[in-house]
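**Q** Got a structure for you, upload_8.txt, holding compact mmCIF, C-alpha atoms and all ligand atoms.
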```
# COMPACT_ATOMS: atom_id res chain seq x y z
CA MET A 341 23.21 15.61 -17.84
CA THR A 342 27.00 15.16 -17.68
CA GLU A 343 28.98 15.99 -14.57
CA THR A 344 30.25 19.28 -16.00
CA GLU A 345 26.89 20.74 -17.07
CA ILE A 346 26.21 23.07 -14.17
CA ARG A 347 22.82 24.71 -13.64
CA LYS A 348 23.47 27.41 -11.05
CA GLY A 349 20.69 27.51 -8.50
CA LEU A 350 19.27 24.33 -10.09
CA ALA A 351 17.43 26.70 -12.44
CA GLY A 352 15.19 24.72 -14.76
CA VAL A 353 16.21 21.37 -13.24
CA VAL A 354 13.40 18.92 -12.45
CA VAL A 355 14.58 17.00 -9.38
CA ASP A 356 11.54 14.89 -8.49
CA GLU A 357 7.79 14.52 -8.88
CA THR A 358 5.16 15.92 -6.55
CA ALA A 359 1.40 15.41 -6.36
CA ILE A 360 0.90 18.27 -3.90
CA SER A 361 0.84 21.37 -6.10
CA LYS A 362 1.38 22.45 -9.65
CA VAL A 363 2.89 25.83 -10.55
CA ASN A 364 2.27 26.54 -14.22
CA PRO A 365 3.93 29.73 -15.50
CA GLU A 366 2.43 29.23 -18.98
CA THR A 367 -1.16 29.49 -17.76
CA ASN A 368 -0.13 31.53 -14.70
CA SER A 369 -1.91 29.09 -12.47
CA LEU A 370 -1.30 27.36 -9.16
CA LEU A 371 -3.17 24.21 -8.24
CA TYR A 372 -3.24 22.63 -4.77
CA ARG A 373 -4.03 18.93 -5.28
CA GLY A 374 -5.71 19.94 -8.54
CA TYR A 375 -7.79 22.86 -7.23
CA PRO A 376 -6.99 26.41 -8.40
CA VAL A 377 -5.71 28.33 -5.38
CA GLN A 378 -8.03 31.24 -6.20
CA GLU A 379 -11.08 29.00 -5.78
CA LEU A 380 -9.79 27.75 -2.44
CA ALA A 381 -9.00 31.28 -1.27
CA ALA A 382 -12.51 32.41 -2.21
CA THR A 383 -14.42 29.84 -0.22
CA ARG A 384 -12.35 27.61 2.03
CA SER A 385 -11.03 27.92 5.56
CA PHE A 386 -7.31 27.52 6.13
CA GLU A 387 -8.06 24.35 8.12
CA GLU A 388 -9.69 22.79 5.02
CA VAL A 389 -6.73 23.78 2.83
CA ALA A 390 -4.25 22.30 5.31
CA TRP A 391 -6.22 19.05 5.28
CA LEU A 392 -6.32 19.08 1.48
CA LEU A 393 -2.55 19.50 1.24
CA TRP A 394 -1.88 16.71 3.71
CA HIS A 395 -4.50 14.19 2.58
CA GLY A 396 -4.99 14.97 -1.12
CA GLU A 397 -8.76 15.55 -0.79
CA LEU A 398 -10.89 18.15 0.95
CA PRO A 399 -12.20 16.92 4.33
CA SER A 400 -15.74 15.60 4.75
CA GLY A 401 -17.89 17.49 7.27
CA GLU A 402 -17.07 14.90 9.89
CA GLN A 403 -13.34 14.94 9.20
CA LEU A 404 -13.27 18.73 9.34
CA ALA A 405 -15.17 18.86 12.63
CA ALA A 406 -12.80 16.32 14.21
CA PHE A 407 -9.75 18.15 12.87
CA ARG A 408 -11.02 21.50 14.15
CA GLU A 409 -11.55 19.98 17.57
CA ARG A 410 -8.05 18.50 17.65
CA GLU A 411 -6.56 21.77 16.42
CA ARG A 412 -8.27 23.70 19.22
CA SER A 413 -7.08 21.18 21.81
CA LEU A 414 -3.46 21.60 20.67
CA ARG A 415 -3.30 25.40 20.54
CA ALA A 416 -1.86 26.21 23.97
CA LEU A 417 1.90 26.56 24.12
CA ASP A 418 3.96 24.26 26.34
CA PRO A 419 5.54 26.45 29.05
CA ALA A 420 8.92 25.03 28.03
CA VAL A 421 8.49 26.50 24.52
CA ARG A 422 7.68 29.86 26.04
CA ALA A 423 10.70 29.51 28.34
CA THR A 424 12.91 28.76 25.31
CA ILE A 425 11.78 31.99 23.67
CA ASP A 426 12.26 33.86 26.96
CA LEU A 427 15.89 32.75 27.11
CA LEU A 428 16.53 34.72 23.93
CA PRO A 429 16.73 38.50 23.58
CA VAL A 430 13.52 40.32 22.79
CA THR A 431 15.48 42.06 20.03
CA ALA A 432 16.31 38.76 18.27
CA HIS A 433 14.75 38.45 14.84
CA PRO A 434 11.29 36.85 15.09
CA MET A 435 12.34 34.29 12.47
CA ASP A 436 15.19 33.20 14.75
CA LEU A 437 12.76 32.94 17.65
CA THR A 438 10.26 31.00 15.54
CA ARG A 439 13.00 28.64 14.36
CA SER A 440 14.12 28.04 17.96
CA ALA A 441 10.52 27.52 19.14
CA VAL A 442 9.88 24.89 16.45
CA SER A 443 13.10 23.15 17.40
CA ALA A 444 11.94 23.15 21.04
CA ILE A 445 8.48 21.82 20.12
CA GLY A 446 10.26 18.95 18.36
CA ALA A 447 12.57 18.23 21.27
CA LEU A 448 9.55 18.13 23.61
CA ASP A 449 7.52 15.76 21.43
CA PRO A 450 7.92 12.17 22.67
CA GLU A 451 7.10 10.84 19.19
CA ALA A 452 9.49 13.18 17.35
CA GLU A 453 11.58 10.27 16.10
CA GLN A 454 8.65 8.12 15.05
CA GLU A 455 8.57 7.62 11.28
CA GLY A 456 5.62 7.09 8.97
CA ALA A 457 2.76 9.14 7.59
CA GLU A 458 0.46 8.71 10.60
CA ALA A 459 3.03 10.00 13.10
CA ASN A 460 4.07 12.77 10.74
CA LEU A 461 0.47 13.89 10.32
CA ARG A 462 0.14 14.17 14.08
CA LYS A 463 3.34 16.24 14.19
CA ALA A 464 2.11 18.41 11.33
CA GLU A 465 -1.19 19.07 13.13
CA ARG A 466 0.72 19.93 16.30
CA LEU A 467 2.89 22.49 14.51
CA PHE A 468 -0.10 23.86 12.61
CA ALA A 469 -1.99 24.38 15.88
CA GLN A 470 0.92 25.77 17.88
CA LEU A 471 2.57 28.16 15.44
CA PRO A 472 -0.13 30.82 15.90
CA ALA A 473 0.61 30.83 19.66
CA VAL A 474 4.35 30.99 18.93
CA VAL A 475 3.98 33.94 16.56
CA ALA A 476 1.47 35.70 18.81
CA TYR A 477 3.77 35.27 21.80
CA ILE A 478 6.73 36.68 19.87
CA GLN A 479 4.71 39.64 18.58
CA ARG A 480 3.27 40.51 22.01
CA ARG A 481 6.63 40.06 23.76
CA ARG A 482 8.18 42.60 21.35
CA ARG A 483 5.57 45.09 22.50
CA GLY A 484 6.00 44.28 26.20
CA GLU A 485 2.51 42.72 26.33
CA ASP A 486 1.40 39.60 28.21
CA PRO A 487 0.40 36.52 26.21
CA ILE A 488 -3.28 35.89 25.53
CA ALA A 489 -4.86 32.45 25.83
CA PRO A 490 -6.40 30.89 22.71
CA ARG A 491 -10.20 30.91 22.34
CA ASP A 492 -12.06 27.72 21.51
CA ASP A 493 -15.01 29.58 20.04
CA LEU A 494 -12.87 31.00 17.21
CA ASP A 495 -11.55 29.31 14.10
CA TYR A 496 -7.85 29.25 13.18
CA SER A 497 -7.69 32.69 11.55
CA ALA A 498 -9.87 34.56 14.05
CA ASN A 499 -8.10 32.95 17.00
CA PHE A 500 -4.69 33.83 15.52
CA LEU A 501 -5.63 37.52 15.35
CA TRP A 502 -7.24 37.35 18.80
CA MET A 503 -4.05 35.92 20.35
CA VAL A 504 -1.93 38.62 18.70
CA PHE A 505 -4.05 41.70 19.31
CA GLY A 506 -6.35 40.73 22.21
CA GLU A 507 -9.42 42.17 20.52
CA ASP A 508 -12.26 40.57 18.60
CA PRO A 509 -11.01 40.84 15.02
CA THR A 510 -13.29 42.36 12.39
CA PRO A 511 -14.72 39.95 9.78
CA THR A 512 -12.65 41.79 7.14
CA ALA A 513 -9.43 41.30 9.07
CA VAL A 514 -10.18 37.60 9.57
CA ASP A 515 -10.94 37.12 5.89
CA VAL A 516 -7.86 38.95 4.60
CA PHE A 517 -5.71 36.98 7.01
CA ARG A 518 -7.33 33.69 5.95
CA VAL A 519 -6.74 34.50 2.28
CA SER A 520 -3.06 35.21 2.97
CA MET A 521 -2.70 31.90 4.82
CA VAL A 522 -4.30 29.98 1.94
CA LEU A 523 -2.13 31.70 -0.68
CA TYR A 524 1.15 31.20 1.21
CA ALA A 525 0.50 27.55 2.04
CA GLU A 526 2.24 25.73 -0.79
CA HIS A 527 4.36 26.34 -3.89
CA SER A 528 6.05 23.13 -5.10
CA PHE A 529 9.86 22.96 -4.90
CA ASN A 530 10.63 26.47 -3.65
CA ALA A 531 13.87 26.86 -1.66
CA SER A 532 12.42 26.24 1.81
CA THR A 533 10.35 23.23 0.73
CA PHE A 534 13.33 21.79 -1.09
CA THR A 535 15.36 22.29 2.10
CA ALA A 536 12.71 20.36 4.04
CA ARG A 537 12.88 17.56 1.47
CA VAL A 538 16.69 17.44 1.56
CA ILE A 539 16.63 17.12 5.36
CA THR A 540 13.90 14.49 5.20
CA SER A 541 15.88 12.54 2.61
CA THR A 542 18.57 11.84 5.22
CA THR A 543 15.82 10.23 7.42
CA ALA A 544 15.95 13.13 9.89
CA ASP A 545 12.66 13.88 11.65
CA LEU A 546 9.89 16.26 10.56
CA TYR A 547 10.79 18.91 13.13
CA SER A 548 14.37 19.05 11.83
CA ALA A 549 13.01 19.48 8.31
CA VAL A 550 10.69 22.32 9.36
CA THR A 551 13.42 24.02 11.42
CA GLY A 552 15.73 23.95 8.40
CA ALA A 553 12.96 25.17 6.12
CA ILE A 554 12.40 28.17 8.40
CA GLY A 555 16.07 29.04 7.98
CA ALA A 556 15.72 28.92 4.20
CA LEU A 557 12.53 30.97 4.26
CA LYS A 558 14.14 33.77 6.25
CA GLY A 559 16.25 35.06 3.36
CA ALA A 560 15.04 38.13 1.50
CA LEU A 561 15.18 36.34 -1.87
CA HIS A 562 12.48 34.01 -0.51
CA GLY A 563 10.01 34.55 2.37
CA GLY A 564 11.96 37.40 3.93
CA ALA A 565 10.80 39.50 1.00
CA ASN A 566 7.44 40.33 2.62
CA GLU A 567 9.33 42.06 5.42
CA ALA A 568 11.77 43.62 2.96
CA VAL A 569 8.88 45.09 0.92
CA MET A 570 7.67 46.99 3.96
CA HIS A 571 11.19 48.28 4.71
CA LEU A 572 11.34 49.40 1.11
CA PHE A 573 8.03 51.26 1.43
CA ASP A 574 9.35 52.94 4.59
CA GLU A 575 12.55 53.89 2.75
CA ILE A 576 10.79 55.36 -0.28
CA GLY A 577 8.12 57.11 1.77
CA THR A 578 5.72 58.47 -0.84
CA ALA A 579 4.63 57.79 -4.41
CA GLU A 580 6.19 61.07 -5.56
CA ARG A 581 9.64 59.79 -4.59
CA VAL A 582 9.40 56.47 -6.48
CA SER A 583 10.98 57.55 -9.76
CA ASP A 584 14.08 59.17 -8.21
CA TRP A 585 14.45 56.38 -5.70
CA LEU A 586 14.28 53.78 -8.46
CA ASP A 587 16.95 55.62 -10.48
CA GLY A 588 19.32 55.29 -7.53
CA ALA A 589 18.36 51.73 -6.62
CA LEU A 590 18.76 50.43 -10.17
CA ALA A 591 22.03 52.30 -10.65
CA ALA A 592 23.27 50.60 -7.48
CA LYS A 593 22.06 47.26 -8.93
CA ARG A 594 19.76 46.69 -5.98
CA LYS A 595 17.13 43.97 -6.11
CA ILE A 596 13.67 45.46 -5.70
CA MET A 597 11.96 43.34 -3.08
CA GLY A 598 8.58 41.84 -3.86
CA PHE A 599 9.30 41.70 -7.60
CA GLY A 600 10.48 38.81 -9.76
CA HIS A 601 10.20 35.07 -9.45
CA ARG A 602 12.24 32.05 -10.46
CA VAL A 603 9.29 30.25 -12.06
CA TYR A 604 6.72 32.90 -13.00
CA ARG A 605 7.95 35.31 -15.62
CA LYS A 606 4.73 37.13 -16.44
CA GLY A 607 3.48 37.70 -12.89
CA ASP A 608 2.71 35.58 -9.85
CA SER A 609 -0.67 33.77 -10.05
CA ARG A 610 -1.45 34.63 -6.41
CA VAL A 611 -0.97 38.39 -6.65
CA PRO A 612 -4.44 39.41 -7.94
CA THR A 613 -6.16 37.56 -5.09
CA MET A 614 -3.88 39.04 -2.42
CA LYS A 615 -4.08 42.50 -3.98
CA ALA A 616 -7.88 42.30 -3.88
CA ALA A 617 -7.63 41.41 -0.17
CA LEU A 618 -5.28 44.36 0.41
CA ASP A 619 -7.73 46.62 -1.43
CA VAL A 620 -10.51 45.57 0.94
CA LEU A 621 -8.36 46.64 3.91
CA LEU A 622 -7.51 49.92 2.21
CA ALA A 623 -11.14 50.61 1.36
CA GLU A 624 -12.24 49.86 4.90
CA ARG A 625 -9.88 52.55 6.19
CA GLY A 626 -11.42 55.00 3.76
CA ALA A 627 -10.18 57.69 1.40
CA ASP A 628 -9.37 60.05 4.29
CA ASP A 629 -6.99 57.73 6.10
CA PRO A 630 -3.46 59.12 5.50
CA LEU A 631 -1.72 55.72 5.86
CA ALA A 632 -4.10 54.00 3.45
CA VAL A 633 -3.81 56.82 0.93
CA ARG A 634 -0.01 56.87 1.10
CA LEU A 635 0.39 53.08 0.91
CA SER A 636 -2.09 52.69 -1.91
CA ALA A 637 -0.38 55.36 -4.05
CA LEU A 638 3.11 54.05 -3.27
CA TYR A 639 2.10 50.47 -4.12
CA ALA A 640 0.61 51.49 -7.46
CA GLU A 641 3.45 53.81 -8.46
CA LEU A 642 6.30 51.44 -7.61
CA GLU A 643 4.62 48.64 -9.52
CA ARG A 644 3.89 50.87 -12.51
CA GLU A 645 7.43 52.30 -12.70
CA PHE A 646 9.26 49.02 -12.11
CA VAL A 647 7.19 47.02 -14.57
CA ALA A 648 7.59 49.81 -17.15
CA ARG A 649 11.36 49.93 -16.70
CA LYS A 650 12.24 46.25 -16.22
CA GLY A 651 9.19 44.20 -17.23
CA ILE A 652 9.48 42.35 -13.89
CA HIS A 653 6.20 41.78 -12.06
CA PRO A 654 5.25 41.67 -8.35
CA ASN A 655 5.24 38.40 -6.44
CA LEU A 656 2.97 37.43 -3.53
CA ASP A 657 5.16 39.23 -0.99
CA TYR A 658 4.42 42.58 -2.62
CA PRO A 659 0.72 42.79 -1.61
CA SER A 660 1.08 40.72 1.57
CA GLY A 661 3.66 43.04 3.15
CA PRO A 662 1.36 46.09 3.24
CA ALA A 663 -1.66 43.91 4.08
CA TYR A 664 0.08 42.57 7.21
CA HIS A 665 1.12 46.13 8.07
CA LEU A 666 -2.49 47.30 7.87
CA LEU A 667 -3.60 44.35 10.00
CA GLY A 668 -1.26 45.68 12.69
CA PHE A 669 1.72 43.29 12.70
CA ASP A 670 5.30 44.47 13.20
CA THR A 671 7.25 44.23 9.96
CA GLU A 672 9.71 41.71 11.47
CA VAL A 673 6.81 39.36 12.21
CA PHE A 674 5.63 39.09 8.58
CA THR A 675 7.87 36.15 7.66
CA PRO A 676 6.88 34.12 10.76
CA LEU A 677 3.29 34.51 9.48
CA PHE A 678 4.49 32.93 6.23
CA VAL A 679 5.96 30.10 8.35
CA ALA A 680 2.60 29.51 10.06
CA SER A 681 1.03 29.04 6.65
CA ARG A 682 3.81 27.22 4.78
CA VAL A 683 4.20 24.64 7.54
CA THR A 684 1.26 22.91 5.83
CA GLY A 685 3.07 22.62 2.50
CA TRP A 686 6.40 21.74 4.10
CA THR A 687 4.92 18.91 6.15
CA ALA A 688 2.96 17.57 3.17
CA HIS A 689 6.27 17.43 1.29
CA VAL A 690 8.01 15.72 4.22
CA ILE A 691 5.35 12.99 4.09
CA GLU A 692 5.61 12.72 0.31
CA GLN A 693 9.42 12.59 0.40
CA GLN A 694 9.37 9.88 3.06
CA SER A 695 6.88 7.81 1.08
CA SER A 696 9.33 7.40 -1.79
CA ASN A 697 12.67 8.46 -0.45
CA ALA A 698 16.06 8.75 -2.12
CA LEU A 699 18.90 10.58 -0.42
CA ILE A 700 19.26 13.99 -2.09
CA ARG A 701 22.91 14.39 -2.86
CA PRO A 702 23.86 16.13 -6.12
CA LEU A 703 27.33 16.30 -7.63
CA SER A 704 29.68 19.23 -7.87
CA ALA A 705 32.42 20.10 -10.37
CA TYR A 706 35.70 20.61 -8.55
CA SER A 707 37.32 23.97 -9.28
CA GLY A 708 40.03 24.06 -6.59
CA VAL A 709 43.78 23.53 -6.86
CA PRO A 710 44.84 20.33 -8.66
CA GLU A 711 46.02 17.40 -6.58
CA ARG A 712 49.20 18.22 -4.66
CA HIS A 713 51.18 16.49 -1.92
CA LEU A 714 52.77 17.35 1.38
CA ALA A 715 56.53 17.73 0.90
C1 LIG A 801 7.26 33.99 -1.86
C2 LIG A 801 8.56 34.14 -2.55
O1 LIG A 801 9.56 33.61 -2.09
S1 LIG A 801 8.58 35.01 -4.00
C3 LIG A 801 10.22 35.67 -4.15
C4 LIG A 801 10.47 36.75 -3.15
N1 LIG A 801 11.74 37.40 -3.38
C5 LIG A 801 11.85 38.69 -3.75
O2 LIG A 801 10.88 39.40 -3.93
C6 LIG A 801 13.25 39.22 -3.88
C7 LIG A 801 13.45 40.03 -5.16
N2 LIG A 801 13.47 39.17 -6.32
C8 LIG A 801 14.61 38.50 -6.69
O3 LIG A 801 15.67 38.66 -6.09
C9 LIG A 801 14.53 37.56 -7.87
O4 LIG A 801 13.51 37.94 -8.75
C10 LIG A 801 14.29 36.09 -7.43
C11 LIG A 801 15.41 35.67 -6.46
C12 LIG A 801 12.95 35.95 -6.73
C13 LIG A 801 14.29 35.18 -8.65
O5 LIG A 801 15.56 35.23 -9.12
P1 LIG A 801 16.14 34.40 -10.35
O6 LIG A 801 15.17 33.46 -10.92
O7 LIG A 801 17.43 33.84 -9.91
O8 LIG A 801 16.31 35.48 -11.41
P2 LIG A 801 17.55 36.43 -11.56
O9 LIG A 801 17.97 36.96 -10.24
O10 LIG A 801 18.59 35.69 -12.37
O11 LIG A 801 16.91 37.56 -12.43
C14 LIG A 801 17.00 37.69 -13.80
C15 LIG A 801 17.31 39.15 -14.12
O12 LIG A 801 16.27 39.95 -13.59
C16 LIG A 801 16.77 40.83 -12.60
N3 LIG A 801 15.85 40.85 -11.47
C17 LIG A 801 15.04 39.85 -11.07
N4 LIG A 801 14.33 40.23 -10.01
C18 LIG A 801 14.70 41.49 -9.75
C19 LIG A 801 14.32 42.42 -8.77
N5 LIG A 801 13.42 42.10 -7.84
N6 LIG A 801 14.90 43.63 -8.78
C20 LIG A 801 15.83 43.97 -9.71
N7 LIG A 801 16.21 43.12 -10.66
C21 LIG A 801 15.66 41.90 -10.68
C22 LIG A 801 18.10 40.24 -12.17
O13 LIG A 801 18.98 41.22 -11.68
C23 LIG A 801 18.60 39.63 -13.47
O14 LIG A 801 19.09 40.65 -14.27
P3 LIG A 801 20.38 40.40 -15.20
O15 LIG A 801 19.96 39.31 -16.14
O16 LIG A 801 20.62 41.72 -15.82
O17 LIG A 801 21.47 39.96 -14.27
O1 LIG A 802 8.29 29.26 -5.58
C1 LIG A 802 9.21 29.97 -5.18
O2 LIG A 802 10.38 29.89 -5.61
C2 LIG A 802 8.97 31.02 -4.17
C3 LIG A 802 7.53 31.23 -3.88
O3 LIG A 802 6.83 31.92 -4.58
C4 LIG A 802 6.96 30.53 -2.75
O4 LIG A 802 7.65 29.74 -2.09
O5 LIG A 802 5.77 30.75 -2.45
```
Represent the structure contained in this file as structure tokens.
Ligand SMILES: CC(=O)SCCNC(=O)CCNC(=O)[C@H](O)C(C)(C)COP(=O)(O)OP(=O)(O)OC[C@H]1O[C@@H](n2cnc3c(N)ncnc32)[C@H](O)[C@@H]1OP(=O)(O)O
Ligand SMILES: O=C([O-])CC(=O)C(=O)O

**A**
Amino acid sequence: MTETEIRKGLAGVVVDETAISKVNPETNSLLYRGYPVQELAATRSFEEVAWLLWHGELPSGEQLAAFRERERSLRALDPAVRATIDLLPVTAHPMDLTRSAVSAIGALDPEAEQEGAEANLRKAERLFAQLPAVVAYIQRRRRGEDPIAPRDDLDYSANFLWMVFGEDPTPTAVDVFRVSMVLYAEHSFNASTFTARVITSTTADLYSAVTGAIGALKGALHGGANEAVMHLFDEIGTAERVSDWLDGALAAKRKIMGFGHRVYRKGDSRVPTMKAALDVLLAERGADDPLAVRLSALYAELEREFVARKGIHPNLDYPSGPAYHLLGFDTEVFTPLFVASRVTGWTAHVIEQQSSNALIRPLSAYSGVPERHLA
């Protein structure tokens, strides 16, 4: 490529190799370390998937048991992290609070500056274990509720829901939540992961990389879309309004959140699995539940109309938004849930980037005023 060939948004540019995941738009598939994500979502815990992303292989029984024990021992939030959140307004966006909490967790970690895969794996496990408490704290604080201590008898997904809602979660809720965590975990060089790799490439620490990645994920063109989908559903209201609403939105050249993707052109490989999970939640509520009926019809109609008009398909945020709503989360907390999952992929990429690092520093074509001089 010459200096003047510009690919806006790096579209179509291959910037490095990765062995962590493969997104293939031709076959509409997504592999984590070689395994189809659908197979992992069908049978594996989120703990196993995290291990797979970090280590390249699924854990043995012994490795998994030891990891689960460590994860449980790391769940409780340092009071200083809680205090950091408490310094900030309750009305602040939960992504801002999550970003600040991760930054605080890093500043409190005595080995934050230690380089190398072993130290980074310990940091990754720490973030993995503590993000549920961070998100649960933020969600409960928004509702004026006291925090709830983690429970050692529950796995990652069940404990997450327990800490948020303070009730024993139903097996359906746990499973839908687990599936969403597995599906959100990793997606090659998306914007937030690339951000994490850019930060890592300067030799900054893992917490800096994750904090930066959270900033990149917040935007509605990326992770913020799961929140934006729910706002859109609230704005449209009912399936009957979709057609008129879409006329106005398209005339105003609005982006329809939860649709489209930079890499997939014929639909996101993860959508059928997440939609099936959403359908389980809808079915559990039953055909008489007004919210389930309204959401189900709205979901189907918006997808049908938009695909018919533009040929642009839903991405993962489209089914996850309403699924998180039905699970009981506030809309503003949806993207922090994405953070809790994607921290696995981000940290795997930090370790990979560090193992064969080159400073990421592209070129730009200058388009400003020609050289001039002070009189
Ligand atoms: C987990 C994730 O992060 S998945 C992505 C989540 N993001 C969203 O759901 C936000 C909505 N979607 C979008 O904004 C886009 O589809 C993106 C940002 C995801 C991908 O964008 P790009 O690869 O840059 O594609 P681009 O924006 O150039 O789209 C190509 C064309 O399709 C249109 N288009 C793409 N997505 C949408 C959409 N959701 N609504 C309306 N039009 C769209 C664009 O306007 C553009 O039209 P044009 O050629 O007439 O200008
Ligand atoms: O790959 C992307 O550009 C966005 C995405 O779907 C993800 O990060 O999960």

**Q** Quick one: 5 Å padding each side, axis-aligned, all listed atoms of region 469-481 of chain A - centre and edge lengths in Å to one decimal, as lines of an AutoDock Vina configuration file?

**A**
```
center_x = 2.4
center_y = 32.4
center_z = 19.6
size_x = 18.7
size_y = 26.1
size_z = 18.3
```

**Q** Taking only residues of chain A that have an atom at most 6 Å from an atom of ligand LIG 801 (chain A), what is each one's shortest atom pair and its distance in Å to one decimal, using only C-alpha atoms and all ligand atoms, in chain and number order, as a tab-separated table?

**A**
```
residue	atom	partner	partner_atom	distance
A:Ala560	CA	A:LIG801	C6	5.8
A:Leu561	CA	A:LIG801	N1	3.9
A:His562	CA	A:LIG801	O1	3.3
A:Gly563	CA	A:LIG801	O1	4.6
A:Ala565	CA	A:LIG801	C5	4.9
A:Lys595	CA	A:LIG801	N6	3.5
A:Ile596	CA	A:LIG801	N6	3.8
A:Met597	CA	A:LIG801	O2	4.2
A:Gly598	CA	A:LIG801	O2	3.4
A:Phe599	CA	A:LIG801	N5	4.1
A:Gly600	CA	A:LIG801	O4	3.3
A:His601	CA	A:LIG801	C12	4.0
A:Arg602	CA	A:LIG801	O6	3.3
A:Asn655	CA	A:LIG801	S1	5.3
A:Leu656	CA	A:LIG801	C1	5.7
A:Asp657	CA	A:LIG801	C1	5.7
```

**Q** Could you take the residues named above and write them with C-alpha atoms, as a PDB file, in the coordinates of the input?

**A**
```
ATOM      1  CA  ALA A 560      15.040  38.130   1.500  1.00  0.00           C
ATOM      2  CA  LEU A 561      15.180  36.340  -1.870  1.00  0.00           C
ATOM      3  CA  HIS A 562      12.480  34.010  -0.510  1.00  0.00           C
ATOM      4  CA  GLY A 563      10.010  34.550   2.370  1.00  0.00           C
ATOM      5  CA  ALA A 565      10.800  39.500   1.000  1.00  0.00           C
ATOM      6  CA  LYS A 595      17.130  43.970  -6.110  1.00  0.00           C
ATOM      7  CA  ILE A 596      13.670  45.460  -5.700  1.00  0.00           C
ATOM      8  CA  MET A 597      11.960  43.340  -3.080  1.00  0.00           C
ATOM      9  CA  GLY A 598       8.580  41.840  -3.860  1.00  0.00           C
ATOM     10  CA  PHE A 599       9.300  41.700  -7.600  1.00  0.00           C
ATOM     11  CA  GLY A 600      10.480  38.810  -9.760  1.00  0.00           C
ATOM     12  CA  HIS A 601      10.200  35.070  -9.450  1.00  0.00           C
ATOM     13  CA  ARG A 602      12.240  32.050 -10.460  1.00  0.00           C
ATOM     14  CA  ASN A 655       5.240  38.400  -6.440  1.00  0.00           C
ATOM     15  CA  LEU A 656       2.970  37.430  -3.530  1.00  0.00           C
ATOM     16  CA  ASP A 657       5.160  39.230  -0.990  1.00  0.00           C
TER      17      ASP A 657
END
```

**Q** Taking only C-alpha atoms and all ligand atoms into account, which residues are within 10 Å of ligand LIG 802 (chain A), as a CSV table (one decimal) with C-alpha atoms, in the coordinates of the input?

**A**
```csv
chain,number,residue,atom,x,y,z
A,363,VAL,CA,2.9,25.8,-10.6
A,523,LEU,CA,-2.1,31.7,-0.7
A,524,TYR,CA,1.2,31.2,1.2
A,525,ALA,CA,0.5,27.6,2.0
A,526,GLU,CA,2.2,25.7,-0.8
A,527,HIS,CA,4.4,26.3,-3.9
A,528,SER,CA,6.0,23.1,-5.1
A,529,PHE,CA,9.9,23.0,-4.9
A,530,ASN,CA,10.6,26.5,-3.6
A,531,ALA,CA,13.9,26.9,-1.7
A,532,SER,CA,12.4,26.2,1.8
A,533,THR,CA,10.4,23.2,0.7
A,534,PHE,CA,13.3,21.8,-1.1
A,557,LEU,CA,12.5,31.0,4.3
A,561,LEU,CA,15.2,36.3,-1.9
A,562,HIS,CA,12.5,34.0,-0.5
A,563,GLY,CA,10.0,34.6,2.4
A,600,GLY,CA,10.5,38.8,-9.8
A,601,HIS,CA,10.2,35.1,-9.4
A,602,ARG,CA,12.2,32.0,-10.5
A,603,VAL,CA,9.3,30.2,-12.1
A,604,TYR,CA,6.7,32.9,-13.0
A,608,ASP,CA,2.7,35.6,-9.8
A,609,SER,CA,-0.7,33.8,-10.0
A,610,ARG,CA,-1.4,34.6,-6.4
A,655,ASN,CA,5.2,38.4,-6.4
A,656,LEU,CA,3.0,37.4,-3.5
A,657,ASP,CA,5.2,39.2,-1.0
A,678,PHE,CA,4.5,32.9,6.2
A,682,ARG,CA,3.8,27.2,4.8
A,685,GLY,CA,3.1,22.6,2.5
```

**Q** Any idea what's packed within 12 Å of region 636-639 of chain A, counting only C-alpha atoms, ignoring anything in its chain fewer than 3 positions away? Could you give it as an MDAnalysis selection string?

**A** chainID A and resid 569:570 572:583 585 598:599 615 618:623 625:627 629:633 642:646 654 658:663 666

**Q** Write out as a list in words which residues come within 12 Å of Leu428 (chain A) when counting all atoms listed in the file, dropping same-chain ones fewer than 3 positions away.

**A**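 Once the adjacent positions are removed, what remains is Val421, Arg422, Ala423, Thr424, Ile425, Thr431, Ala432, His433, Pro434, Asp436, Leu437, Thr438, Arg439, Ser440, Ala441, Ile478, Arg481 and Arg482 of chain A.
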
**Q** List the neighbours of Val504 (chain A) out to 9 Å using all atoms listed in the file; skip same-chain residues closer than 3 positions along the sequence, and give me the result as number ranges by chain.

**A** A: 472-473, 475-480, 487-488, 499-501, 507, 669

**Q** Expressed in Å to a single decimal, how great is the separation between CA of Pro612 (chain A) and CA of Ala513 (chain A)?

**A**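 Separation of CA of Pro612 (chain A) and CA of Ala513 (chain A): 17.8 Å.
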
**Q** For a quick check of understanding, using only C-alpha atoms, which of A:Arg373, A:Leu667, A:Leu586, A:Glu455 has the smallest distance to Val514 (chain A)?

**A**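 The closest residue to Val514 (chain A) is A:Leu667.
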
**Q** Just give me the gap between CA of Arg466 (chain A) and CA of Arg415 (chain A) in Å, one decimal is fine.

**A** 8.0 Å
